[in-house]
Structure formats: structure tokens, C-alpha cells
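The data block below is target.cif; it holds mmCIF, C-alpha atoms and all ligand atoms.
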data_query
#
loop_
_atom_site.group_PDB
_atom_site.id
_atom_site.type_symbol
_atom_site.label_atom_id
_atom_site.label_comp_id
_atom_site.auth_asym_id
_atom_site.auth_seq_id
_atom_site.Cartn_x
_atom_site.Cartn_y
_atom_site.Cartn_z
ATOM 1 C CA MET A 256 14.954 -17.134 -2.249
ATOM 2 C CA SER A 257 11.888 -16.003 -4.165
ATOM 3 C CA MET A 258 10.139 -14.465 -1.183
ATOM 4 C CA VAL A 259 12.951 -12.042 -0.438
ATOM 5 C CA PRO A 260 12.665 -10.067 -3.707
ATOM 6 C CA LEU A 261 8.881 -10.554 -3.805
ATOM 7 C CA ASN A 262 8.660 -8.789 -0.447
ATOM 8 C CA LEU A 263 11.521 -6.328 -0.378
ATOM 9 C CA LEU A 264 11.773 -5.234 -4.011
ATOM 10 C CA ALA A 265 8.110 -5.012 -4.971
ATOM 11 C CA ASN A 266 8.265 -1.261 -5.515
ATOM 12 C CA GLY A 267 11.197 -1.079 -7.884
ATOM 13 C CA GLU A 268 13.989 -1.180 -5.285
ATOM 14 C CA THR A 269 17.307 -2.913 -6.032
ATOM 15 C CA GLY A 270 18.706 -5.920 -4.126
ATOM 16 C CA ASP A 271 22.441 -6.588 -3.930
ATOM 17 C CA TYR A 272 23.960 -10.078 -3.991
ATOM 18 C CA LEU A 273 27.238 -11.641 -2.928
ATOM 19 C CA VAL A 274 27.638 -14.770 -5.027
ATOM 20 C CA THR A 275 30.112 -17.121 -3.388
ATOM 21 C CA GLY A 276 28.823 -20.539 -4.414
ATOM 22 C CA SER A 277 26.003 -22.468 -5.935
ATOM 23 C CA TRP A 278 23.359 -21.531 -3.322
ATOM 24 C CA SER A 279 23.913 -17.799 -3.524
ATOM 25 C CA GLN A 280 24.080 -18.132 -7.284
ATOM 26 C CA LYS A 281 20.686 -19.843 -7.282
ATOM 27 C CA ALA A 282 19.239 -17.091 -5.133
ATOM 28 C CA TYR A 283 20.759 -14.441 -7.395
ATOM 29 C CA LYS A 284 19.347 -16.063 -10.543
ATOM 30 C CA GLU A 285 15.903 -16.386 -9.033
ATOM 31 C CA ALA A 286 15.876 -12.803 -7.778
ATOM 32 C CA LYS A 287 16.978 -11.541 -11.183
ATOM 33 C CA ARG A 288 13.920 -13.160 -12.719
ATOM 34 C CA LEU A 289 11.689 -11.229 -10.331
ATOM 35 C CA ALA A 290 13.177 -7.821 -9.665
ATOM 36 C CA SER A 291 15.991 -5.341 -10.111
ATOM 37 C CA ILE A 292 19.176 -6.998 -8.862
ATOM 38 C CA HIS A 293 22.797 -5.957 -8.591
ATOM 39 C CA LEU A 294 25.796 -8.285 -8.346
ATOM 40 C CA ALA A 295 27.977 -6.842 -5.577
ATOM 41 C CA ALA A 296 30.675 -9.535 -5.700
ATOM 42 C CA ASP A 297 31.210 -12.920 -7.284
ATOM 43 C CA SER A 298 33.882 -15.580 -6.778
ATOM 44 C CA ALA A 299 32.986 -17.750 -9.797
ATOM 45 C CA ALA A 300 36.398 -17.043 -11.363
ATOM 46 C CA ASP A 301 37.964 -18.699 -8.290
ATOM 47 C CA LYS A 302 35.640 -21.702 -8.636
ATOM 48 C CA TYR A 303 33.894 -20.380 -5.503
ATOM 49 C CA TYR A 304 36.880 -21.374 -3.403
ATOM 50 C CA THR A 305 37.154 -17.857 -1.991
ATOM 51 C CA ILE A 306 35.066 -15.056 -0.527
ATOM 52 C CA PRO A 307 35.876 -11.755 -2.263
ATOM 53 C CA GLU A 308 37.621 -9.247 0.017
ATOM 54 C CA ARG A 309 35.265 -6.823 1.711
ATOM 55 C CA ASN A 310 36.897 -3.786 0.039
ATOM 56 C CA THR A 311 36.042 -5.170 -3.427
ATOM 57 C CA TRP A 312 32.294 -5.390 -2.815
ATOM 58 C CA ASP A 313 30.323 -3.049 -5.013
ATOM 59 C CA ILE A 314 27.267 -2.269 -2.905
ATOM 60 C CA SER A 315 24.808 -0.097 -4.763
ATOM 61 C CA LYS A 316 23.661 3.201 -3.357
ATOM 62 C CA ASP A 317 20.181 2.728 -1.835
ATOM 63 C CA ALA A 318 20.326 -1.086 -2.002
ATOM 64 C CA ALA A 319 17.223 -2.469 -0.265
ATOM 65 C CA TYR A 320 19.335 -5.319 1.111
ATOM 66 C CA LEU A 321 22.585 -7.213 0.751
ATOM 67 C CA TYR A 322 22.066 -10.947 0.317
ATOM 68 C CA TYR A 323 24.637 -13.613 1.147
ATOM 69 C CA THR A 324 24.850 -17.321 1.978
ATOM 70 C CA ASP A 325 26.561 -17.876 5.319
ATOM 71 C CA ASN A 326 27.748 -21.398 4.521
ATOM 72 C CA GLU A 327 28.124 -22.606 0.959
ATOM 73 C CA THR A 328 27.209 -26.245 1.359
ATOM 74 C CA ILE A 329 28.768 -27.646 -1.811
ATOM 75 C CA THR A 330 32.259 -26.121 -1.819
ATOM 76 C CA GLY A 331 32.472 -25.918 1.993
ATOM 77 C CA VAL A 332 33.047 -22.167 2.306
ATOM 78 C CA GLU A 333 31.732 -20.343 5.372
ATOM 79 C CA TYR A 334 31.824 -16.668 6.338
ATOM 80 C CA PRO A 335 33.973 -16.479 9.475
ATOM 81 C CA ALA A 336 31.872 -13.547 10.751
ATOM 82 C CA ILE A 337 28.852 -11.459 9.834
ATOM 83 C CA PRO A 338 29.911 -9.067 7.035
ATOM 84 C CA GLU A 339 30.581 -5.482 8.105
ATOM 85 C CA VAL A 340 28.256 -3.260 6.124
ATOM 86 C CA GLU A 341 26.534 -0.042 7.041
ATOM 87 C CA GLY A 342 23.088 1.246 6.256
ATOM 88 C CA VAL A 343 21.886 -1.777 4.297
ATOM 89 C CA PRO A 344 19.888 -4.654 5.812
ATOM 90 C CA LEU A 345 21.615 -8.027 5.571
ATOM 91 C CA VAL A 346 19.610 -10.929 4.208
ATOM 92 C CA CYS A 347 21.216 -14.268 4.924
ATOM 93 C CA ASP A 348 20.578 -17.844 3.862
ATOM 94 C CA MET A 349 21.711 -19.825 6.921
ATOM 95 C CA THR A 350 20.237 -23.126 5.800
ATOM 96 C CA SER A 351 23.388 -25.170 6.177
ATOM 97 C CA ASN A 352 24.784 -23.627 9.371
ATOM 98 C CA PHE A 353 21.714 -22.365 11.260
ATOM 99 C CA LEU A 354 21.900 -22.967 15.031
ATOM 100 C CA SER A 355 25.491 -24.157 14.724
ATOM 101 C CA ARG A 356 26.887 -20.993 16.338
ATOM 102 C CA PRO A 357 25.487 -17.979 18.179
ATOM 103 C CA PHE A 358 24.649 -15.008 15.963
ATOM 104 C CA ASP A 359 23.601 -11.453 16.661
ATOM 105 C CA VAL A 360 20.042 -11.377 15.301
ATOM 106 C CA SER A 361 19.983 -7.588 15.457
ATOM 107 C CA ARG A 362 22.536 -7.431 12.628
ATOM 108 C CA PHE A 363 20.061 -8.927 10.148
ATOM 109 C CA GLY A 364 17.113 -7.772 8.111
ATOM 110 C CA ILE A 365 16.256 -11.391 7.374
ATOM 111 C CA ALA A 366 17.958 -14.625 8.353
ATOM 112 C CA PHE A 367 16.347 -17.780 7.085
ATOM 113 C CA ALA A 368 17.014 -21.502 7.021
ATOM 114 C CA SER A 369 15.227 -24.584 5.891
ATOM 115 C CA ALA A 370 15.186 -27.300 8.490
ATOM 116 C CA GLN A 371 16.709 -30.424 7.089
ATOM 117 C CA LYS A 372 20.364 -29.744 7.753
ATOM 118 C CA ASN A 373 20.494 -28.574 11.320
ATOM 119 C CA PHE A 374 17.097 -28.530 12.981
ATOM 120 C CA GLY A 375 14.521 -30.947 11.655
ATOM 121 C CA PRO A 376 13.021 -32.907 8.799
ATOM 122 C CA ALA A 377 12.586 -31.304 5.365
ATOM 123 C CA GLY A 378 9.404 -29.337 4.792
ATOM 124 C CA LEU A 379 9.890 -26.457 7.183
ATOM 125 C CA ALA A 380 11.785 -23.179 7.074
ATOM 126 C CA CYS A 381 12.507 -20.669 9.797
ATOM 127 C CA VAL A 382 12.495 -16.974 8.874
ATOM 128 C CA VAL A 383 13.777 -14.369 11.313
ATOM 129 C CA ILE A 384 12.721 -10.957 10.013
ATOM 130 C CA ARG A 385 13.008 -7.390 11.242
ATOM 131 C CA GLU A 386 9.532 -6.031 11.898
ATOM 132 C CA ASP A 387 9.885 -2.955 9.688
ATOM 133 C CA LEU A 388 10.630 -5.214 6.689
ATOM 134 C CA ILE A 389 7.252 -6.927 7.028
ATOM 135 C CA GLY A 390 4.394 -5.539 4.926
ATOM 136 C CA LYS A 391 6.299 -4.428 1.842
ATOM 137 C CA ALA A 392 4.958 -7.036 -0.594
ATOM 138 C CA GLY A 393 3.479 -5.809 -3.868
ATOM 139 C CA PRO A 394 -0.017 -6.289 -5.316
ATOM 140 C CA LYS A 395 1.206 -9.235 -7.402
ATOM 141 C CA THR A 396 3.029 -11.035 -4.590
ATOM 142 C CA PRO A 397 1.199 -14.364 -4.059
ATOM 143 C CA PHE A 398 -0.336 -14.275 -0.582
ATOM 144 C CA LEU A 399 1.532 -17.334 0.664
ATOM 145 C CA CYS A 400 4.750 -15.540 -0.296
ATOM 146 C CA ASP A 401 3.871 -12.434 1.747
ATOM 147 C CA PHE A 402 5.782 -12.336 5.037
ATOM 148 C CA LYS A 403 2.997 -10.222 6.550
ATOM 149 C CA ILE A 404 0.391 -12.945 6.033
ATOM 150 C CA HIS A 405 2.589 -15.400 7.904
ATOM 151 C CA ALA A 406 3.514 -12.945 10.667
ATOM 152 C CA ASP A 407 -0.104 -11.801 11.223
ATOM 153 C CA ASN A 408 -1.300 -15.407 11.447
ATOM 154 C CA GLU A 409 1.511 -16.733 13.639
ATOM 155 C CA SER A 410 2.671 -18.958 10.766
ATOM 156 C CA MET A 411 -0.714 -20.676 10.635
ATOM 157 C CA PHE A 412 -2.391 -18.939 7.703
ATOM 158 C CA ASN A 413 -2.157 -22.248 5.885
ATOM 159 C CA THR A 414 -1.937 -25.620 7.601
ATOM 160 C CA PRO A 415 1.575 -25.891 8.997
ATOM 161 C CA PRO A 416 3.544 -29.153 8.812
ATOM 162 C CA THR A 417 2.785 -30.028 12.421
ATOM 163 C CA PHE A 418 4.945 -33.146 12.611
ATOM 164 C CA ASN A 419 7.965 -31.201 11.360
ATOM 165 C CA TRP A 420 7.304 -28.418 13.895
ATOM 166 C CA TYR A 421 7.124 -30.985 16.650
ATOM 167 C CA MET A 422 10.396 -32.570 15.549
ATOM 168 C CA ALA A 423 12.088 -29.163 15.323
ATOM 169 C CA GLY A 424 10.882 -28.476 18.876
ATOM 170 C CA LEU A 425 12.528 -31.668 20.082
ATOM 171 C CA ILE A 426 15.755 -30.675 18.385
ATOM 172 C CA TYR A 427 15.674 -27.180 19.936
ATOM 173 C CA LYS A 428 15.363 -28.860 23.335
ATOM 174 C CA TRP A 429 18.215 -31.231 22.489
ATOM 175 C CA ILE A 430 20.424 -28.278 21.486
ATOM 176 C CA LYS A 431 19.626 -26.522 24.772
ATOM 177 C CA LYS A 432 20.384 -29.661 26.756
ATOM 178 C CA LYS A 433 23.733 -29.964 25.002
ATOM 179 C CA GLY A 434 24.673 -26.446 26.089
ATOM 180 C CA GLY A 435 23.080 -24.253 23.438
ATOM 181 C CA LEU A 436 24.588 -22.577 20.408
ATOM 182 C CA LYS A 437 28.002 -21.997 21.999
ATOM 183 C CA ALA A 438 28.310 -25.716 22.598
ATOM 184 C CA MET A 439 27.118 -26.432 19.045
ATOM 185 C CA ASP A 440 29.876 -24.138 17.745
ATOM 186 C CA GLU A 441 32.558 -25.773 19.874
ATOM 187 C CA LEU A 442 31.499 -29.223 18.749
ATOM 188 C CA ALA A 443 31.341 -28.111 15.108
ATOM 189 C CA LYS A 444 34.854 -26.684 15.297
ATOM 190 C CA GLU A 445 36.188 -29.800 16.965
ATOM 191 C CA ARG A 446 34.572 -32.077 14.383
ATOM 192 C CA SER A 447 35.703 -30.111 11.358
ATOM 193 C CA ASN A 448 39.217 -29.321 12.669
ATOM 194 C CA LYS A 449 39.817 -33.012 13.257
ATOM 195 C CA LEU A 450 38.920 -33.773 9.661
ATOM 196 C CA TYR A 451 40.855 -30.859 8.156
ATOM 197 C CA ASP A 452 43.930 -31.907 10.166
ATOM 198 C CA VAL A 453 43.774 -35.405 8.734
ATOM 199 C CA ILE A 454 43.390 -33.990 5.232
ATOM 200 C CA ASP A 455 46.186 -31.413 5.573
ATOM 201 C CA ASN A 456 48.616 -33.861 7.132
ATOM 202 C CA SER A 457 48.080 -36.611 4.597
ATOM 203 C CA GLY A 458 49.469 -35.677 1.178
ATOM 204 C CA PHE A 459 46.813 -38.060 -0.095
ATOM 205 C CA TYR A 460 43.645 -36.055 0.587
ATOM 206 C CA THR A 461 43.335 -32.366 -0.230
ATOM 207 C CA ASN A 462 40.938 -29.514 0.412
ATOM 208 C CA PRO A 463 41.510 -26.328 -1.595
ATOM 209 C CA ILE A 464 39.779 -23.833 0.702
ATOM 210 C CA ASP A 465 41.708 -21.212 2.651
ATOM 211 C CA LYS A 466 41.795 -22.074 6.363
ATOM 212 C CA LYS A 467 40.107 -18.812 7.347
ATOM 213 C CA ILE A 468 36.913 -19.592 5.419
ATOM 214 C CA ARG A 469 36.692 -23.351 5.694
ATOM 215 C CA SER A 470 33.248 -24.622 6.597
ATOM 216 C CA ARG A 471 32.573 -26.198 9.974
ATOM 217 C CA MET A 472 29.593 -28.028 8.434
ATOM 218 C CA ASN A 473 30.726 -29.439 5.095
ATOM 219 C CA VAL A 474 34.220 -30.794 4.595
ATOM 220 C CA PRO A 475 34.910 -31.571 0.938
ATOM 221 C CA PHE A 476 38.097 -33.361 -0.035
ATOM 222 C CA ILE A 477 39.595 -34.963 -3.091
ATOM 223 C CA LEU A 478 41.745 -38.041 -3.325
ATOM 224 C CA LYS A 479 45.181 -37.768 -4.883
ATOM 225 C CA ASP A 480 44.204 -40.338 -7.459
ATOM 226 C CA ASP A 481 40.815 -40.080 -9.198
ATOM 227 C CA GLU A 482 40.900 -43.794 -9.926
ATOM 228 C CA LEU A 483 40.453 -44.522 -6.222
ATOM 229 C CA ASN A 484 37.134 -42.682 -5.927
ATOM 230 C CA ALA A 485 34.946 -45.722 -6.436
ATOM 231 C CA ALA A 486 37.028 -47.913 -4.110
ATOM 232 C CA PHE A 487 36.903 -45.230 -1.407
ATOM 233 C CA LEU A 488 33.116 -45.015 -1.530
ATOM 234 C CA SER A 489 32.488 -48.755 -1.591
ATOM 235 C CA GLU A 490 34.977 -49.499 1.196
ATOM 236 C CA ALA A 491 33.519 -46.641 3.221
ATOM 237 C CA ARG A 492 30.073 -48.128 2.760
ATOM 238 C CA GLN A 493 31.323 -51.471 4.049
ATOM 239 C CA ASN A 494 32.346 -49.571 7.173
ATOM 240 C CA ASN A 495 28.884 -48.023 7.468
ATOM 241 C CA LEU A 496 30.180 -44.633 6.353
ATOM 242 C CA ILE A 497 27.640 -43.397 3.807
ATOM 243 C CA GLU A 498 26.758 -40.283 1.790
ATOM 244 C CA LEU A 499 30.377 -39.280 1.308
ATOM 245 C CA LYS A 500 30.169 -38.613 -2.395
ATOM 246 C CA GLY A 501 30.824 -34.960 -3.268
ATOM 247 C CA HIS A 502 28.101 -32.948 -4.949
ATOM 248 C CA ARG A 503 27.893 -33.829 -8.649
ATOM 249 C CA SER A 504 28.837 -30.278 -9.628
ATOM 250 C CA VAL A 505 32.261 -30.474 -7.957
ATOM 251 C CA GLY A 506 33.030 -34.202 -7.620
ATOM 252 C CA GLY A 507 35.362 -35.562 -4.960
ATOM 253 C CA LYS A 508 34.166 -36.404 -1.478
ATOM 254 C CA ARG A 509 32.229 -34.434 1.095
ATOM 255 C CA ALA A 510 31.606 -35.101 4.745
ATOM 256 C CA SER A 511 28.513 -33.168 5.809
ATOM 257 C CA ILE A 512 28.749 -32.949 9.562
ATOM 258 C CA TYR A 513 25.786 -30.979 10.841
ATOM 259 C CA ASN A 514 24.681 -30.492 14.449
ATOM 260 C CA GLY A 515 23.411 -34.056 14.658
ATOM 261 C CA MET A 516 26.735 -35.700 13.825
ATOM 262 C CA PRO A 517 28.296 -37.246 16.944
ATOM 263 C CA MET A 518 32.077 -37.223 17.472
ATOM 264 C CA GLU A 519 32.052 -41.020 17.125
ATOM 265 C CA GLY A 520 31.079 -40.530 13.478
ATOM 266 C CA ILE A 521 34.058 -38.256 12.888
ATOM 267 C CA ASN A 522 36.413 -40.646 14.633
ATOM 268 C CA ALA A 523 35.137 -43.555 12.559
ATOM 269 C CA LEU A 524 35.614 -41.587 9.347
ATOM 270 C CA ILE A 525 39.130 -40.535 10.331
ATOM 271 C CA GLU A 526 40.095 -44.071 11.195
ATOM 272 C CA PHE A 527 38.806 -45.247 7.838
ATOM 273 C CA MET A 528 40.505 -42.447 5.891
ATOM 274 C CA GLN A 529 43.865 -43.118 7.491
ATOM 275 C CA ASP A 530 43.562 -46.835 6.935
ATOM 276 C CA PHE A 531 42.549 -46.313 3.304
ATOM 277 C CA GLU A 532 45.525 -44.022 2.776
ATOM 278 C CA LYS A 533 47.892 -46.602 4.276
ATOM 279 C CA ARG A 534 46.641 -49.239 1.894
ATOM 280 C CA HIS A 535 46.350 -47.092 -1.248
ATOM 281 C CA GLY A 536 48.548 -44.039 -0.682
HETATM 282 C C1 LIG B 1 20.271 -27.225 1.244
HETATM 283 C C2 LIG B 1 20.324 -25.752 1.077
HETATM 284 C C3 LIG B 1 19.242 -25.024 0.569
HETATM 285 C C4 LIG B 1 18.004 -25.679 0.025
HETATM 286 O O1 LIG B 1 17.174 -26.163 0.951
HETATM 287 P P1 LIG B 1 15.789 -26.803 0.444
HETATM 288 O O2 LIG B 1 14.985 -26.843 1.677
HETATM 289 O O3 LIG B 1 16.119 -28.112 -0.155
HETATM 290 O O4 LIG B 1 15.237 -25.872 -0.567
HETATM 291 C C5 LIG B 1 19.344 -23.656 0.486
HETATM 292 N N1 LIG B 1 20.445 -23.002 0.879
HETATM 293 C C6 LIG B 1 21.518 -23.659 1.378
HETATM 294 C C7 LIG B 1 22.712 -22.888 1.820
HETATM 295 C C8 LIG B 1 21.489 -25.053 1.483
HETATM 296 O O5 LIG B 1 22.549 -25.714 1.958
#

Please lay out the structure from this file as C-alpha cells.
Ligand SMILES: *Cc1c(COP(=O)(O)O)cnc(C)c1O
Amino acid sequence: MSMVPLNLLANGETGDYLVTGSWSQKAYKEAKRLASIHLAADSAADKYYTIPERNTWDISKDAAYLYYTDNETITGVEYPAIPEVEGVPLVCDMTSNFLSRPFDVSRFGIAFASAQKNFGPAGLACVVIREDLIGKAGPKTPFLCDFKIHADNESMFNTPPTFNWYMAGLIYKWIKKKGGLKAMDELAKERSNKLYDVIDNSGFYTNPIDKKIRSRMNVPFILKDDELNAAFLSEARQNNLIELKGHRSVGGKRASIYNGMPMEGINALIEFMQDFEKRHG
């Protein structure tokens, strides 16, 4: 988030931002501290439950890039497709849905993701960058924040986290063995659709996000009755279903179901949710 403006806006250029949730908002805030930034669209007024319509985006003339977050991890909002924009490089934070569906790399200036959601242990990030965007850092850009230093040294200018690289390599092989990114996408859709169906058909659980932009990776839901929150979590825990508490900024519940989540996990959660509803609904 810091490296993007430190590399692409070092000579007074402007970067445009689509703010559709807490991660893009963080990136926007950080960039604003460092460079000239323009807010192209913002869904804060909708509690970040929506993605502003394409025709409302205010992209500045000569923007050096347009930044967005492909999957907003906390509210569970995901772009259904790569945004259609012309003449401006897209910069995308794919941290929470990287390698969960095929994507056309050629559409991006930069696509980046840190590892710990979909491809490895924390401590590693993958940056895919168009070659002509390398080498634009300014004289005050710290050298470890300069994409060129990393590119020229094959990501080994400083000591890389070798264990994490190794683990990521194993996961890449696992993804290939499972059928690659198309298979990851199909599994992600199947997992999330199963959960959304249970939520939508219940009258007890709700999810406020429009079907078209619901996340395949993070499924937040709220219980009809706030008083049942604690019971839900403790009973879930007794069934070995953990980490279901929603992010503190939005409350409720959240099932984060990244590449590594097997269908058995979804089925177990569904069984528990339906049973809990029967007993408390
Ligand atoms: C988790 C997350 C991050 C932060 O990753 P860190 O490696 O903890 O900095 C950034 N962006 C998105 C979309 C995320 O979900």
C-alpha cells in the first residue's frame, strides 16, 4: 500500500482510488500521506455494502493509476470482474482472493497479494508488475520499497523468508494438482453459494450484500437476535468450528473460506447453522 505511491507517484503524479471497504480505505489513507491522491469513488455512505456504479467513477485526467481492492475481506464484497477502464493502469490489492480465480494479468499495472489468506504463511507478498512501471521510484523512496531493487535482484536483495517461499511453492503445486485456478474458482463458488443459500433461505441469518457482488471468500452474516451471538460462537466452538466472529468493526459472524477450506468444513458449518436455527430460531 505504501510502495505503490512511493514508486508510481514520486514525480508529482496523481493516483486515483476506489474506496469500497476498510482495506481500500487503508490504502487510500496511506497513499494520501505520501503523495497526490484523488478519490474516484467511495461507498462509505452505503456502509461499504455496495460497489459504486462504473458510470459514477470520477477518474482524474492523467491519473498514474486506478487503485482498487478486488475482495473486501471484512464486509465480504468482491468485484465480479476486472473494472473496465481505459488508458489508466489498474493497481489491485488481491490479498484476500489471489489465486482463487483466473485473471488476465495483462489488464493490470500491478496486482499484489500477501500470502496468508490464499497461498502461504504470513510474511510474504507477491507483486505482479508491468515492466514499464518498474524504475519510477523517487530519490527519497527507501531502497527496500523500490520495485526496481527487487526486480533487478530476483527478490533476493535482502534475505527472503525462505521457509515461507518453500511453503508457497508447495501450495502452488497443490493448486495445480487440484486443477488450477479454474478449479479453485469452481470450488470457491460452490462453497460460498452453499452458505449464502442457507443464509437466504433461513429468515434467521442475514447477509446484506447484493448477490452480484457477494464475496466467494468471506461470507459475513448476522443473527436475527443479537443476544444469541455468544451462544452461537461457544456452541460452534464445541463443534470445532472456530474463528467465526465477524471483524470487530462490523460485528456479526464471518466465515472466511479461502482456497484451503475443504467442502467438509462448509458442510459442517451448514449443519451446525441449521441445527442452531432449529433450536433458537
Ligand atoms: C488481510 C488483507 C491485507 C493485509 O495483509 P497483511 O499481510 O496482514 O498486511 C491487505 N489487503 C486485504 C484485502 C486483506 O484482506

Exercise. Given a cut-off of 9 Å, what residues near ligand LIG 1 (chain B) show up using only C-alpha atoms and all ligand atoms, put as a ChimeraX atom specification?
Worked result: /A:256,277-279,281-282,324-329,348-352,368-372,377-380

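Among A:Val360, A:Ile512, A:Val453, A:Ala318, the residue with the shortest atom-to-atom distance to Asp530 (chain A), counting only C-alpha atoms, is A:Val453.
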
Problem set entry | Top pick for closest residue to Ser447 (chain A), considering A:Tyr513, A:Tyr283, A:Phe367, A:Phe353 and counting only C-alpha atoms |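 Selected residue with least distance to Ser447 (chain A): A:Tyr513.
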
Exercise. From the set A:Asn456, A:Ser291, A:Asn262, A:Thr305, which residue has the shortest atom-to-atom contact distance to Leu388 (chain A), counting all atoms listed in the file?
Worked result: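 Among the listed residues, A:Asn262 lies closest to Leu388 (chain A).
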
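Against the coordinates shown, the PyMOL selection byres (((chain A and resi 464) around 9) and not hetatm) returns Tyr304, Thr305, Thr330, Gly331, Val332, Asn462, Pro463, Asp465, Lys466, Lys467, Ile468, Arg469 and Ser470 of chain A.
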
Problem set entry | Nearby residues (only C-alpha atoms) at most 10 Å from Ile454 (chain A), same-chain spacing under 5 positions excluded, as a PyMOL selection string | chain A and resi 448-449+459-462+474-478+525+528-529

Exercise. So how far away is CA of Ile521 (chain A) from CA of Arg534 (chain A), in Å?
Worked result: 20.0 Å

Taking 5 positions as the minimum chain separation for residues in the same chain, which residues sit within 10 Å of Leu483 (chain A) when counting all atoms listed in the file? Answer as a short mmCIF file (atom, residue, chain, number, x, y, z; two decimals) with C-alpha atoms, in the coordinates of the input.
data_model
loop_
_atom_site.label_atom_id
_atom_site.label_comp_id
_atom_site.auth_asym_id
_atom_site.auth_seq_id
_atom_site.Cartn_x
_atom_site.Cartn_y
_atom_site.Cartn_z
CA LEU A 478 41.74 -38.04 -3.32
CA LEU A 488 33.12 -45.02 -1.53
CA PHE A 531 42.55 -46.31 3.30
CA HIS A 535 46.35 -47.09 -1.25
CA GLY A 536 48.55 -44.04 -0.68
#

Evaluate the PyMOL selection byres (((chain A and resi 344) around 9) and not hetatm) and report residues as a tab-separated table (two decimals) with C-alpha atoms, in the coordinates of the input:
chain	number	residue	atom	x	y	z
A	318	ALA	CA	20.33	-1.09	-2.00
A	319	ALA	CA	17.22	-2.47	-0.26
A	320	TYR	CA	19.34	-5.32	1.11
A	321	LEU	CA	22.58	-7.21	0.75
A	322	TYR	CA	22.07	-10.95	0.32
A	340	VAL	CA	28.26	-3.26	6.12
A	341	GLU	CA	26.53	-0.04	7.04
A	342	GLY	CA	23.09	1.25	6.26
A	343	VAL	CA	21.89	-1.78	4.30
A	345	LEU	CA	21.62	-8.03	5.57
A	346	VAL	CA	19.61	-10.93	4.21
A	362	ARG	CA	22.54	-7.43	12.63
A	363	PHE	CA	20.06	-8.93	10.15
A	364	GLY	CA	17.11	-7.77	8.11
A	365	ILE	CA	16.26	-11.39	7.37

For this session: Determine the nearest neighbour of Glu386 (chain A) from the options A:Lys431, A:Phe398, A:Asp407, A:Thr269, counting only C-alpha atoms.
Result: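 Going through A:Lys431, A:Phe398, A:Asp407, A:Thr269 one by one, the smallest distance to Glu386 (chain A) is for A:Asp407.
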
Mind giving me the axis-aligned box for region 523-529 of chain A with 5 Å on every side, centre plus edges in Å to one decimal, as JSON?
{"center_x": 39.5, "center_y": -42.9, "center_z": 9.2, "size_x": 18.7, "size_y": 14.7, "size_z": 16.7}

Mind writing region 400-417 of chain A to a file for me, with C-alpha atoms, as a short mmCIF file (atom, residue, chain, number, x, y, z; two decimals), in the first residue's frame?
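out-v4.cif, written as the output of this step:
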data_model
loop_
_atom_site.label_atom_id
_atom_site.label_comp_id
_atom_site.auth_asym_id
_atom_site.auth_seq_id
_atom_site.Cartn_x
_atom_site.Cartn_y
_atom_site.Cartn_z
CA CYS A 400 10.45 -0.04 -1.14
CA ASP A 401 11.78 0.34 -4.70
CA PHE A 402 10.27 -2.26 -7.04
CA LYS A 403 13.36 -1.99 -9.26
CA ILE A 404 15.69 -3.15 -6.49
CA HIS A 405 13.56 -6.25 -6.01
CA ALA A 406 13.14 -6.92 -9.73
CA ASP A 407 16.87 -6.47 -10.50
CA ASN A 408 17.83 -8.83 -7.68
CA GLU A 409 15.21 -11.51 -8.35
CA SER A 410 13.57 -10.70 -5.00
CA MET A 411 16.78 -11.51 -3.15
CA PHE A 412 18.22 -8.05 -2.49
CA ASN A 413 17.55 -8.71 1.17
CA THR A 414 17.30 -12.16 2.72
CA PRO A 415 13.96 -13.59 1.63
CA PRO A 416 11.76 -15.57 4.03
CA THR A 417 12.88 -18.89 2.60
#
